[in-house]
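Here's the structure we're looking at; comments come further down.
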Amino acid sequence: MKRGVLIVLSGPSGVGKGTVRKALFEEPDIDFQYSISMTTRQPRAGEVDGEDYFFVSREEFETEIANGGMLEYAEYVGNYYGTPKRFIDQTLAAGRDVLLEIEVQGALQVKEKMPEGAYIFLTPPDLQALKDRLIGRGTEDMTVIEKRVMTAASEIRMMANYDYAVINDEVELAVRRIKDIINVERLRVHRVLPEYVEMIEELEE
Ligand SMILES: Nc1nc2c(ncn2[C@@H]2O[C@H](COP(=O)(O)OP(=O)(O)O)[C@@H](O)[C@H]2O)c(=O)[nH]1
Ligand SMILES: Nc1ncnc2c1ncn2[C@@H]1O[C@H](COP(=O)(O)OP(=O)(O)O)[C@@H](O)[C@H]1O
């Protein structure tokens, strides 16, 4: 049975991960799943529980961690963010590809456990553009924005641990680059060969 491809989209807060991921899933030919994260942060205006995030309390999140229910998690600017494990395991085992949109600490935890995934780092054209976007989004006050820009600078150094770097200059261009990466990743020999080995073994039985 073909195993799905784990696709991790990461990068500094404010670079446009959410925007690019939403645009990606609006494409007509998308045939992979999105991993909904769990967080303790409060929902923003327009965010829907069970769609944008599973919004939970710190106690609930820590219980999930204690029960081994998280594939990865991180504390980011005072809140927990994490990937529920069960959905990922079930989706990949069913041969479906799944995309995670997570920050860099979590992405590196996943890479430790699942190095066969495709790790994509979304990067801004430059740091000023990142700051402008965070200000433009208007979801944080300047103190938090300054914190996030400082975090972003150190996060950009982590690009070295990823397989691909996609510049988010224009959302449409970033979407096209990510789709190209996913199509190429599906052709990697280590993903295709096992199916043929299975066929040959069945023939030899
Ligand atoms: N490690 C980890 N990070 C996550 C997860 N979900 C979201 N994040 C990241 O947490 C950071 C903050 O997310 P959010 O509060 O939605 O702010 P925004 O990404 O700046 O809009 C972003 O970098 C997200 O990519 C997750 O499941 N695990
Ligand atoms: N290519 C882009 N050019 C200009 N602004 C962008 C671009 N991509 C995203 N943005 C804006 O930048 C802000 C941060 O985007 P968002 O998707 O919330 O980032 P992230 O999820 O990485 O924190 C939003 O206001 C969004 O509209």
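In the structure tokens, chains take letters A, B, ... by order of appearance, with residues numbered from 1 within each chain and ligands from 1 in the order shown.
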
Set the cut-off to 10 Å, count only C-alpha atoms and all ligand atoms, and list whatever residues fall near ligand 1 as a ChimeraX atom specification. /A:9-19,35-44,47,52-54,70-84,100-110,133-134,137,139-140,145,148,152,155

_List as JSON, numbers by chain the protein and nucleic acid residues near stretch 194-205 of chain A, meaning an atom at most 10 Å away when only C-alpha atoms are counted, but skip any in the same chain fewer than 3 places from it._
{"A": [1, 2, 3, 189, 190, 191]}

Let's see if you can do this: from backbone DSSP, list all helix (DSSP H, G or I) residues in stretch 48-140 of chain A, as a PyMOL selection string.
chain A and resi 58-66+85-93+104-113+127-137

Produce a file of the selected residues containing C-alpha atoms, as a compact mmCIF listing (two decimals), in the first residue's frame.
```
# COMPACT_ATOMS: atom_id res chain seq x y z
CA ARG A 58 -3.61 24.78 28.61
CA GLU A 59 -4.85 21.90 30.81
CA GLU A 60 -6.38 20.08 27.83
CA PHE A 61 -3.22 20.64 25.78
CA GLU A 62 -0.95 19.34 28.55
CA THR A 63 -3.19 16.27 28.95
CA GLU A 64 -2.76 15.55 25.22
CA ILE A 65 1.01 15.83 25.61
CA ALA A 66 0.97 13.50 28.65
CA LYS A 85 -0.71 12.51 16.02
CA ARG A 86 -3.66 10.25 15.19
CA PHE A 87 -4.89 12.14 12.11
CA ILE A 88 -1.37 12.16 10.60
CA ASP A 89 -0.81 8.43 11.14
CA GLN A 90 -4.24 7.50 9.74
CA THR A 91 -3.96 9.80 6.70
CA LEU A 92 -0.46 8.65 5.69
CA ALA A 93 -1.36 4.98 6.24
CA VAL A 104 10.16 26.07 12.93
CA GLN A 105 10.67 24.41 16.37
CA GLY A 106 7.86 21.97 15.67
CA ALA A 107 8.98 21.36 12.09
CA LEU A 108 12.39 20.25 13.32
CA GLN A 109 10.80 17.89 15.85
CA VAL A 110 8.79 16.31 13.02
CA LYS A 111 11.90 16.06 10.83
CA GLU A 112 13.66 14.12 13.62
CA LYS A 113 10.80 11.60 13.69
CA LEU A 127 12.82 41.30 6.87
CA GLN A 128 11.18 44.69 6.31
CA ALA A 129 8.46 43.02 4.25
CA LEU A 130 7.89 40.60 7.15
CA LYS A 131 7.50 43.45 9.65
CA ASP A 132 5.22 45.37 7.25
CA ARG A 133 3.02 42.28 6.86
CA LEU A 134 2.70 41.72 10.61
CA ILE A 135 1.79 45.40 11.07
CA GLY A 136 -0.59 45.22 8.11
CA ARG A 137 -2.32 42.12 9.47
```

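Taking atom CA of A:Ala153 and atom CA of A:Phe55 as endpoints, the distance between them is 27.7 Å.
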
Please identify all polymer residues within 9 Å of A:Asn168, counting only C-alpha atoms, omitting same-chain residues fewer than 2 positions from it, and present them as an mmCIF file with all heavy atoms, in the first residue's frame.
```cif
data_model
loop_
_atom_site.group_PDB
_atom_site.id
_atom_site.type_symbol
_atom_site.label_atom_id
_atom_site.label_comp_id
_atom_site.auth_asym_id
_atom_site.auth_seq_id
_atom_site.Cartn_x
_atom_site.Cartn_y
_atom_site.Cartn_z
ATOM 1 N N VAL A 15 5.115 35.521 7.715
ATOM 2 C CA VAL A 15 5.670 35.401 6.352
ATOM 3 C C VAL A 15 4.561 35.148 5.342
ATOM 4 O O VAL A 15 4.710 35.441 4.154
ATOM 5 C CB VAL A 15 6.743 34.292 6.288
ATOM 6 C CG1 VAL A 15 6.140 32.896 6.444
ATOM 7 C CG2 VAL A 15 7.525 34.380 4.993
ATOM 8 N N GLY A 16 3.447 34.571 5.813
ATOM 9 C CA GLY A 16 2.336 34.313 4.900
ATOM 10 C C GLY A 16 1.959 32.848 4.807
ATOM 11 O O GLY A 16 1.278 32.433 3.882
ATOM 12 N N LYS A 17 2.388 32.048 5.795
ATOM 13 C CA LYS A 17 2.079 30.602 5.749
ATOM 14 C C LYS A 17 0.570 30.376 5.661
ATOM 15 O O LYS A 17 0.101 29.607 4.831
ATOM 16 C CB LYS A 17 2.613 29.910 6.999
ATOM 17 C CG LYS A 17 4.111 29.827 7.091
ATOM 18 C CD LYS A 17 4.550 29.026 8.294
ATOM 19 C CE LYS A 17 4.055 29.621 9.599
ATOM 20 N NZ LYS A 17 4.418 31.041 9.794
ATOM 21 N N VAL A 20 -0.798 31.574 2.272
ATOM 22 C CA VAL A 20 -0.379 30.684 1.168
ATOM 23 C C VAL A 20 -1.082 29.331 1.294
ATOM 24 O O VAL A 20 -1.594 28.788 0.306
ATOM 25 C CB VAL A 20 1.154 30.528 1.170
ATOM 26 C CG1 VAL A 20 1.615 29.407 0.249
ATOM 27 C CG2 VAL A 20 1.813 31.855 0.777
ATOM 28 N N LEU A 122 9.020 28.670 4.063
ATOM 29 C CA LEU A 122 8.483 29.846 3.361
ATOM 30 C C LEU A 122 9.199 31.073 3.911
ATOM 31 O O LEU A 122 9.232 31.284 5.127
ATOM 32 C CB LEU A 122 6.970 29.953 3.611
ATOM 33 C CG LEU A 122 6.204 30.929 2.716
ATOM 34 C CD1 LEU A 122 6.212 30.468 1.262
ATOM 35 C CD2 LEU A 122 4.752 31.084 3.211
ATOM 36 N N THR A 123 9.818 31.847 3.012
ATOM 37 C CA THR A 123 10.628 32.967 3.486
ATOM 38 C C THR A 123 10.153 34.274 2.872
ATOM 39 O O THR A 123 9.634 34.284 1.748
ATOM 40 C CB THR A 123 12.135 32.691 3.172
ATOM 41 O OG1 THR A 123 12.938 33.680 3.797
ATOM 42 C CG2 THR A 123 12.398 32.656 1.680
ATOM 43 N N PRO A 124 10.264 35.396 3.624
ATOM 44 C CA PRO A 124 9.809 36.669 3.074
ATOM 45 C C PRO A 124 10.835 37.195 2.063
ATOM 46 O O PRO A 124 12.005 36.760 2.090
ATOM 47 C CB PRO A 124 9.760 37.569 4.307
ATOM 48 C CG PRO A 124 10.793 37.018 5.225
ATOM 49 C CD PRO A 124 10.791 35.529 4.983
ATOM 50 N N PRO A 125 10.441 38.123 1.184
ATOM 51 C CA PRO A 125 11.445 38.698 0.270
ATOM 52 C C PRO A 125 12.583 39.360 1.073
ATOM 53 O O PRO A 125 13.741 39.267 0.728
ATOM 54 C CB PRO A 125 10.657 39.743 -0.513
ATOM 55 C CG PRO A 125 9.220 39.370 -0.353
ATOM 56 C CD PRO A 125 9.116 38.661 0.965
ATOM 57 N N VAL A 166 10.963 28.541 -0.264
ATOM 58 C CA VAL A 166 10.035 29.192 -1.211
ATOM 59 C C VAL A 166 9.864 30.642 -0.773
ATOM 60 O O VAL A 166 9.475 30.903 0.366
ATOM 61 C CB VAL A 166 8.662 28.467 -1.208
ATOM 62 C CG1 VAL A 166 7.620 29.283 -1.976
ATOM 63 C CG2 VAL A 166 8.803 27.069 -1.805
ATOM 64 N N GLU A 170 4.911 36.853 -4.119
ATOM 65 C CA GLU A 170 3.487 36.904 -4.506
ATOM 66 C C GLU A 170 2.844 35.590 -4.065
ATOM 67 O O GLU A 170 3.435 34.523 -4.334
ATOM 68 C CB GLU A 170 3.349 37.007 -6.031
ATOM 69 C CG GLU A 170 4.042 38.196 -6.661
ATOM 70 C CD GLU A 170 3.287 39.483 -6.386
ATOM 71 O OE1 GLU A 170 2.051 39.416 -6.210
ATOM 72 O OE2 GLU A 170 3.941 40.530 -6.296
ATOM 73 N N VAL A 171 1.658 35.637 -3.469
ATOM 74 C CA VAL A 171 1.018 34.416 -2.974
ATOM 75 C C VAL A 171 0.857 33.375 -4.083
ATOM 76 O O VAL A 171 1.175 32.203 -3.914
ATOM 77 C CB VAL A 171 -0.354 34.747 -2.324
ATOM 78 C CG1 VAL A 171 -1.075 33.477 -1.891
ATOM 79 C CG2 VAL A 171 -0.162 35.670 -1.132
ATOM 80 N N GLU A 172 0.407 33.842 -5.263
ATOM 81 C CA GLU A 172 0.160 32.903 -6.376
ATOM 82 C C GLU A 172 1.457 32.189 -6.785
ATOM 83 O O GLU A 172 1.445 30.993 -7.071
ATOM 84 C CB GLU A 172 -0.424 33.618 -7.599
ATOM 85 C CG GLU A 172 -1.712 34.393 -7.366
ATOM 86 C CD GLU A 172 -1.493 35.650 -6.500
ATOM 87 O OE1 GLU A 172 -0.461 36.326 -6.696
ATOM 88 O OE2 GLU A 172 -2.323 35.902 -5.597
ATOM 89 N N LEU A 173 2.553 32.932 -6.791
ATOM 90 C CA LEU A 173 3.838 32.325 -7.189
ATOM 91 C C LEU A 173 4.275 31.303 -6.142
ATOM 92 O O LEU A 173 4.714 30.198 -6.472
ATOM 93 C CB LEU A 173 4.909 33.409 -7.351
ATOM 94 C CG LEU A 173 4.717 34.396 -8.510
ATOM 95 C CD1 LEU A 173 5.847 35.434 -8.523
ATOM 96 C CD2 LEU A 173 4.671 33.653 -9.831
ATOM 97 N N ALA A 174 4.093 31.663 -4.867
ATOM 98 C CA ALA A 174 4.474 30.744 -3.776
ATOM 99 C C ALA A 174 3.638 29.470 -3.864
ATOM 100 O O ALA A 174 4.153 28.350 -3.727
ATOM 101 C CB ALA A 174 4.275 31.438 -2.438
ATOM 102 N N VAL A 175 2.345 29.628 -4.162
ATOM 103 C CA VAL A 175 1.454 28.449 -4.291
ATOM 104 C C VAL A 175 1.949 27.542 -5.406
ATOM 105 O O VAL A 175 2.062 26.325 -5.252
ATOM 106 C CB VAL A 175 -0.006 28.901 -4.561
ATOM 107 C CG1 VAL A 175 -0.871 27.719 -5.028
ATOM 108 C CG2 VAL A 175 -0.607 29.533 -3.309
#
```

Test item: residues at most 7 Å from A:Tyr162, only C-alpha atoms, excluding those fewer than 5 positions along its chain, as a tab-separated table (two decimals) with C-alpha atoms, in the first residue's frame:
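Output saved as out29.tsv:
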```
chain	number	residue	atom	x	y	z
A	119	TYR	CA	10.25	20.18	4.46
A	120	ILE	CA	9.44	23.55	2.91
A	121	PHE	CA	10.60	26.86	4.41
```

- If we count only C-alpha atoms, what is near stretch 26-30 of chain A at a cut-off of 12 Å, once residues fewer than 2 positions away on the same chain are taken out, given as a PyMOL selection string? chain A and resi 19-24+32-34+96-99+172+175-176+178-180+182-183

Please dump the current selection as a short mmCIF file (atom, residue, chain, number, x, y, z; two decimals), in the first residue's frame; keep C-alpha atoms.
```
data_model
loop_
_atom_site.label_atom_id
_atom_site.label_comp_id
_atom_site.auth_asym_id
_atom_site.auth_seq_id
_atom_site.Cartn_x
_atom_site.Cartn_y
_atom_site.Cartn_z
CA THR A 19 -2.38 32.94 3.50
CA VAL A 20 -0.38 30.68 1.17
CA ARG A 21 -1.84 27.50 2.71
CA LYS A 22 -5.41 28.81 2.31
CA ALA A 23 -4.71 29.83 -1.30
CA LEU A 24 -3.15 26.41 -1.93
CA PHE A 32 -4.01 16.26 -0.15
CA GLN A 33 -5.24 16.84 3.39
CA TYR A 34 -4.54 19.70 5.82
CA ARG A 96 -3.15 10.27 1.43
CA ASP A 97 -0.67 13.14 1.48
CA VAL A 98 -0.98 15.61 4.38
CA LEU A 99 0.28 19.16 4.78
CA GLU A 172 0.16 32.90 -6.38
CA VAL A 175 1.45 28.45 -4.29
CA ARG A 176 2.75 27.34 -7.69
CA ILE A 178 4.78 24.53 -3.45
CA LYS A 179 2.61 22.54 -5.88
CA ASP A 180 5.69 21.88 -8.05
CA ILE A 182 4.77 18.28 -3.97
CA ASN A 183 4.56 16.85 -7.49
#
```

With distances taken over only C-alpha atoms and all ligand atoms, the candidate from A:Ile181, A:Val8, A:Ile167, A:Leu193 nearest ligand 2 is A:Ile167

In Å to one decimal, how far is atom CA of A:Leu6 from atom CA of A:Ala118?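 Going from atom CA of A:Ala118 over to atom CA of A:Leu6 covers 6.2 Å.
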
Counting only C-alpha atoms and all ligand atoms, closest pick from A:Asp49, A:Asp126, A:Asp163, A:Glu185 relative to ligand 2 is A:Asp126

*asked:* Here is a test: counting only C-alpha atoms and all ligand atoms, which residue of A:Val192, A:Val149, A:Met158, A:Val56 is nearest to ligand 2?
replied: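 Ranked by minimum distance to ligand 2, first place goes to A:Val149.
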
Counting only C-alpha atoms, the residue among A:Ser154, A:Val184, A:Phe25, A:Met159 that lies closest to A:Val5 is A:Val184

Could you pull out all residues of chain A with a DSSP call of strand (DSSP E or B) and give them as number ranges by chain?
-> A: 6-10, 33-34, 37-39, 49, 53-55, 70-76, 79-84, 98-101, 118-123, 164-167

Query raised in the report: How many Å separate atom CA of A:Asp169 from atom 3 (N, counted along the ligand's line) of ligand 2?
Result: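 According to the coordinates, atom CA of A:Asp169 and atom 3 (N, counted along the ligand's line) of ligand 2 are separated by 5.7 Å.
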
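The nearest approach to ligand 2 among the residues A:Arg186, A:Glu146, A:Ile156, A:Gly138, with only C-alpha atoms and all ligand atoms taken into account, belongs to A:Gly138.
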